[in-house]
file model22.txt (compact mmCIF, C-alpha atoms)
# COMPACT_ATOMS: atom_id res chain seq x y z
CA MET M 1 0.00 0.00 0.00
CA ALA M 2 1.38 3.39 -1.01
CA THR M 3 1.86 6.17 1.50
CA VAL M 4 0.09 9.50 1.19
CA LYS M 5 3.38 11.17 0.20
CA GLU M 6 4.01 8.63 -2.59
CA ARG M 7 0.51 9.10 -3.95
CA GLN M 8 0.85 12.88 -3.86
CA THR M 9 4.10 12.57 -5.79
CA TRP M 10 2.69 10.41 -8.59
CA MET M 11 -0.49 12.49 -8.85
CA ALA M 12 1.60 15.67 -9.17
CA THR M 13 3.77 13.98 -11.81
CA LEU M 14 0.71 12.92 -13.81
CA ALA M 15 -0.86 16.38 -13.54
CA LYS M 16 2.32 18.14 -14.76
CA ALA M 17 2.94 15.73 -17.65
CA GLU M 18 2.35 16.67 -21.28
CA LEU M 19 -0.69 14.82 -22.65
CA THR M 20 1.16 13.57 -25.75
CA GLU M 21 3.95 12.15 -23.60
CA LEU M 22 1.47 10.50 -21.23
CA GLU M 23 -0.39 8.87 -24.12
CA LYS M 24 2.86 7.52 -25.56
CA LEU M 25 3.83 5.89 -22.26
CA ILE M 26 0.51 4.20 -21.53
CA ASN M 27 -0.17 1.01 -23.47
CA LEU M 28 -3.96 1.20 -23.86
CA GLU M 29 -4.40 -2.29 -25.34
CA LYS M 30 -3.31 -4.20 -22.23
CA LEU M 31 -4.97 -2.08 -19.54
CA PRO M 32 -7.93 -3.36 -17.55
CA SER M 33 -11.38 -1.96 -18.18
CA TYR M 34 -12.66 0.86 -16.04
CA SER M 35 -15.80 2.92 -15.63
CA PHE M 36 -16.38 6.57 -14.83
CA LEU M 37 -17.66 7.52 -11.41
CA ARG M 38 -17.32 11.13 -12.52
CA SER M 39 -16.78 11.84 -16.20
CA PRO M 40 -14.14 14.45 -17.01
CA GLU M 41 -15.49 17.90 -16.24
CA ILE M 42 -14.06 21.38 -16.38
CA GLY M 43 -14.19 23.82 -13.48
CA LEU M 44 -12.38 26.68 -11.77
CA VAL M 45 -10.29 26.87 -8.65
CA MET M 46 -9.05 29.94 -6.82
CA VAL M 47 -5.27 30.15 -6.80
CA GLN M 48 -3.61 31.81 -3.83
CA GLY M 49 -0.16 33.33 -3.62
CA ARG M 50 1.97 34.62 -0.78
CA ALA M 51 3.81 37.92 -0.77
CA GLY M 52 7.50 37.09 -0.98
CA GLY M 53 6.66 33.38 -0.89
CA THR M 54 6.16 33.39 2.87
CA GLY M 55 3.99 36.42 3.60
CA LYS M 56 0.27 36.84 3.93
CA PRO M 57 -1.80 34.85 1.43
CA PHE M 58 -3.74 36.69 -1.25
CA ASN M 59 -6.09 35.57 -4.02
CA LEU M 60 -4.10 35.51 -7.24
CA GLY M 61 -6.96 34.57 -9.56
CA ASP M 62 -8.91 31.68 -11.04
CA MET M 63 -7.42 28.69 -12.81
CA THR M 64 -9.19 26.25 -15.10
CA ILE M 65 -8.89 22.58 -14.10
CA THR M 66 -10.34 19.32 -15.32
CA ARG M 67 -11.16 16.50 -12.94
CA CYS M 68 -12.14 12.89 -13.42
CA VAL M 69 -12.82 9.85 -11.23
CA VAL M 70 -12.57 6.28 -12.54
CA GLN M 71 -13.19 2.91 -10.95
CA LEU M 72 -11.35 -0.33 -11.65
CA GLU M 73 -12.91 -3.64 -10.81
CA ASN M 74 -10.30 -5.72 -9.00
CA LEU M 75 -11.23 -9.22 -10.10
CA GLU M 76 -8.92 -10.96 -7.62
CA THR M 77 -10.30 -9.39 -4.45
CA ASP M 78 -13.70 -8.34 -5.84
CA THR M 79 -13.19 -4.79 -4.58
CA ALA M 80 -13.42 -1.55 -6.49
CA ILE M 81 -10.41 0.75 -6.74
CA THR M 82 -10.99 4.44 -7.32
CA GLY M 83 -8.55 6.72 -9.14
CA PHE M 84 -8.64 10.52 -9.23
CA GLY M 85 -7.24 12.89 -11.81
CA TYR M 86 -6.95 16.67 -11.42
CA VAL M 87 -5.08 18.54 -14.15
CA GLY M 88 -4.64 22.18 -15.05
CA GLY M 89 -6.38 23.24 -18.23
CA ARG M 90 -9.26 21.85 -20.25
CA SER M 91 -8.05 18.39 -21.33
CA HIS M 92 -10.63 15.69 -20.67
CA ARG M 93 -8.27 13.00 -21.94
CA HIS M 94 -5.41 14.11 -19.66
CA ALA M 95 -7.66 13.98 -16.57
CA GLU M 96 -8.96 10.54 -17.59
CA LEU M 97 -5.47 9.08 -18.07
CA ALA M 98 -4.25 10.61 -14.80
CA ALA M 99 -7.20 9.05 -12.94
CA LEU M 100 -6.60 5.68 -14.61
CA CYS M 101 -2.91 5.70 -13.66
CA ASP M 102 -3.80 6.68 -10.09
CA ALA M 103 -6.14 3.69 -9.85
CA LEU M 104 -3.59 1.30 -11.40
CA LEU M 105 -0.87 2.47 -9.03
CA GLN M 106 -3.08 1.43 -6.11
CA THR M 107 -3.15 -2.20 -7.30
CA PRO M 108 -0.23 -4.52 -6.43
CA GLN M 109 -0.26 -6.23 -9.86
CA TRP M 110 0.09 -2.92 -11.79
CA TYR M 111 2.14 -0.78 -9.39
CA GLU M 112 5.65 -1.75 -10.54
CA GLN M 113 4.78 -1.64 -14.24
CA ILE M 114 3.13 1.80 -14.14
CA GLN M 115 5.93 3.18 -11.94
CA ALA M 116 8.60 1.94 -14.36
CA GLN M 117 6.85 2.65 -17.66
CA VAL M 118 4.97 5.86 -16.88
CA ILE M 119 5.92 7.67 -13.65
CA GLN M 120 9.73 7.34 -13.81
CA PRO M 121 10.01 8.54 -17.45
CA LEU M 122 7.64 11.45 -16.72
CA GLN M 123 9.67 12.47 -13.66
CA THR M 124 12.89 12.31 -15.68
CA ALA M 125 11.39 14.45 -18.45
CA LEU M 126 10.04 16.94 -15.92
CA ALA M 127 13.43 17.21 -14.19
CA LYS M 128 15.15 17.85 -17.54
CA LYS M 129 12.57 20.50 -18.42
CA GLN M 130 13.02 22.24 -15.06
CA GLU M 131 16.82 22.11 -15.35
CA LEU M 132 16.66 23.66 -18.83
CA GLN M 133 14.37 26.41 -17.56
CA GLN M 134 16.71 27.12 -14.64
CA ARG M 135 19.71 27.36 -16.98
CA GLN M 136 17.83 29.73 -19.28
CA THR M 137 16.77 31.85 -16.32
CA ALA M 138 20.30 31.92 -14.88
CA ALA M 139 21.65 33.13 -18.23
CA THR M 140 19.52 36.27 -17.95
CA LYS M 141 20.48 37.05 -14.35
CA VAL M 142 21.82 40.54 -13.75
CA ASN M 143 23.90 41.34 -10.68
CA PHE M 144 23.46 44.85 -9.40
CA PHE M 145 25.90 46.38 -6.98
CA THR M 146 26.32 49.74 -5.33
CA MET M 147 29.61 51.52 -5.02
CA VAL M 148 30.19 53.55 -1.90
CA ARG M 149 31.12 57.08 -2.76
CA GLY M 150 34.13 58.62 -1.10
CA GLU M 151 32.23 61.51 0.46
CA GLY M 152 33.01 61.90 3.96
call {"tool": "encode", "arguments": {"input": "model22.txt", "output": "structure tokens"}}
result
Amino acid sequence: MATVKERQTWMATLAKAELTELEKLINLEKLPSYSFLRSPEIGLVMVQGRAGGTGKPFNLGDMTITRCVVQLENLETDTAITGFGYVGGRSHRHAELAALCDALLQTPQWYEQIQAQVIQPLQTALAKKQELQQRQTAATKVNFFTMVRGEG
């Protein structure tokens, strides 16, 4: 059974992934069947920021999200497994695939395969993207300094 922290990590990875990359990594022919408990739907959430990153919170604005809830039938234990997908933007397919992966990662027979074939490659791609963005940002950094005048 996965910990809350592990589940938060894979759900964040799935939400931040590019849809085209996610579709390439998931082999749709071999996956178990699932049903929708909540079909993909678009909504808004209020995004908050903090002044200076640590100050008082303030409402930054609204953000469009898509959410989806799917249910897998676990034939071995005859229990239902529920997967949730919340993604930024308006992609029904992205939310559906994120929910499906969340459900599969909660099953012992699919956990290792989905971790190795989907989550790890997505995390690697995300880390490379962030590193590239940091290098590009660092290249534009300007250091300002003040000289002390000799007035006395």
call {"tool": "atom_distance", "arguments": {"input": "model22.txt", "atom1": "atom CA of His94 of chain M", "atom2": "atom CA of Thr137 of chain M"}}
result
28.6 Å
call {"tool": "closest_residue", "arguments": {"input": "model22.txt", "among": "M:Gly88, M:Pro57, M:Gly83, M:Pro32", "to": "Val45 of chain M", "atoms": "all atoms listed in the file"}}
result
M:Gly88
call {"tool": "atom_distance", "arguments": {"input": "model22.txt", "atom1": "atom CA of Ile42 of chain M", "atom2": "atom CA of Asp102 of chain M"}}
result
19.0 Å
call {"tool": "closest_atom_pairs", "arguments": {"input": "model22.txt", "of": "segment 56-101 of chain M", "to": "segment 5-9 of chain M", "cutoff": "12 Å", "atoms": "all atoms listed in the file", "output": "CSV"}}
result
residue,atom,partner,partner_atom,distance
M:Gly83,CA,M:Arg7,CA,10.7
M:Phe84,CA,M:Arg7,CA,10.7
M:Gly85,CA,M:Gln8,CA,11.3
M:Tyr86,CA,M:Gln8,CA,11.5
M:Ala98,CA,M:Arg7,CA,11.9
M:Ala99,CA,M:Arg7,CA,11.8
M:Cys101,CA,M:Arg7,CA,10.8
call {"tool": "closest_residue", "arguments": {"input": "model22.txt", "among": "M:Ser35, M:Glu29, M:Val118, M:Gly52", "to": "Thr82 of chain M", "atoms": "all atoms listed in the file"}}
result
M:Ser35
call {"tool": "atom_distance", "arguments": {"input": "model22.txt", "atom1": "atom CA of Thr64 of chain M", "atom2": "atom CA of Gly89 of chain M"}}
result
5.2 Å
call {"tool": "residues_around", "arguments": {"input": "model22.txt", "residues": "Glu21 of chain M", "least_positions_apart": "6", "cutoff": "10 Å", "atoms": "only C-alpha atoms", "output": "list in words"}}
result
Val118, Pro121, Leu122 and Ala125 of chain M
call {"tool": "residues_around", "arguments": {"input": "model22.txt", "residues": "Thr107 of chain M", "least_positions_apart": "3", "cutoff": "12 Å", "atoms": "all atoms listed in the file", "output": "number ranges by chain"}}
result
M: 1-2, 32, 71-77, 79-83, 100-104, 110-115
call {"tool": "residues_near_point", "arguments": {"input": "model22.txt", "point": "(-15.6, 12.6, -22.6)", "cutoff": "7 Å", "atoms": "all atoms listed in the file", "output": "PyMOL selection string"}}
result
chain M and resi 39-40+92
call {"tool": "closest_residue", "arguments": {"input": "model22.txt", "among": "M:Gly43, M:Asn59, M:Ala17, M:Ala12", "to": "Arg90 of chain M", "atoms": "only C-alpha atoms"}}
result
M:Gly43
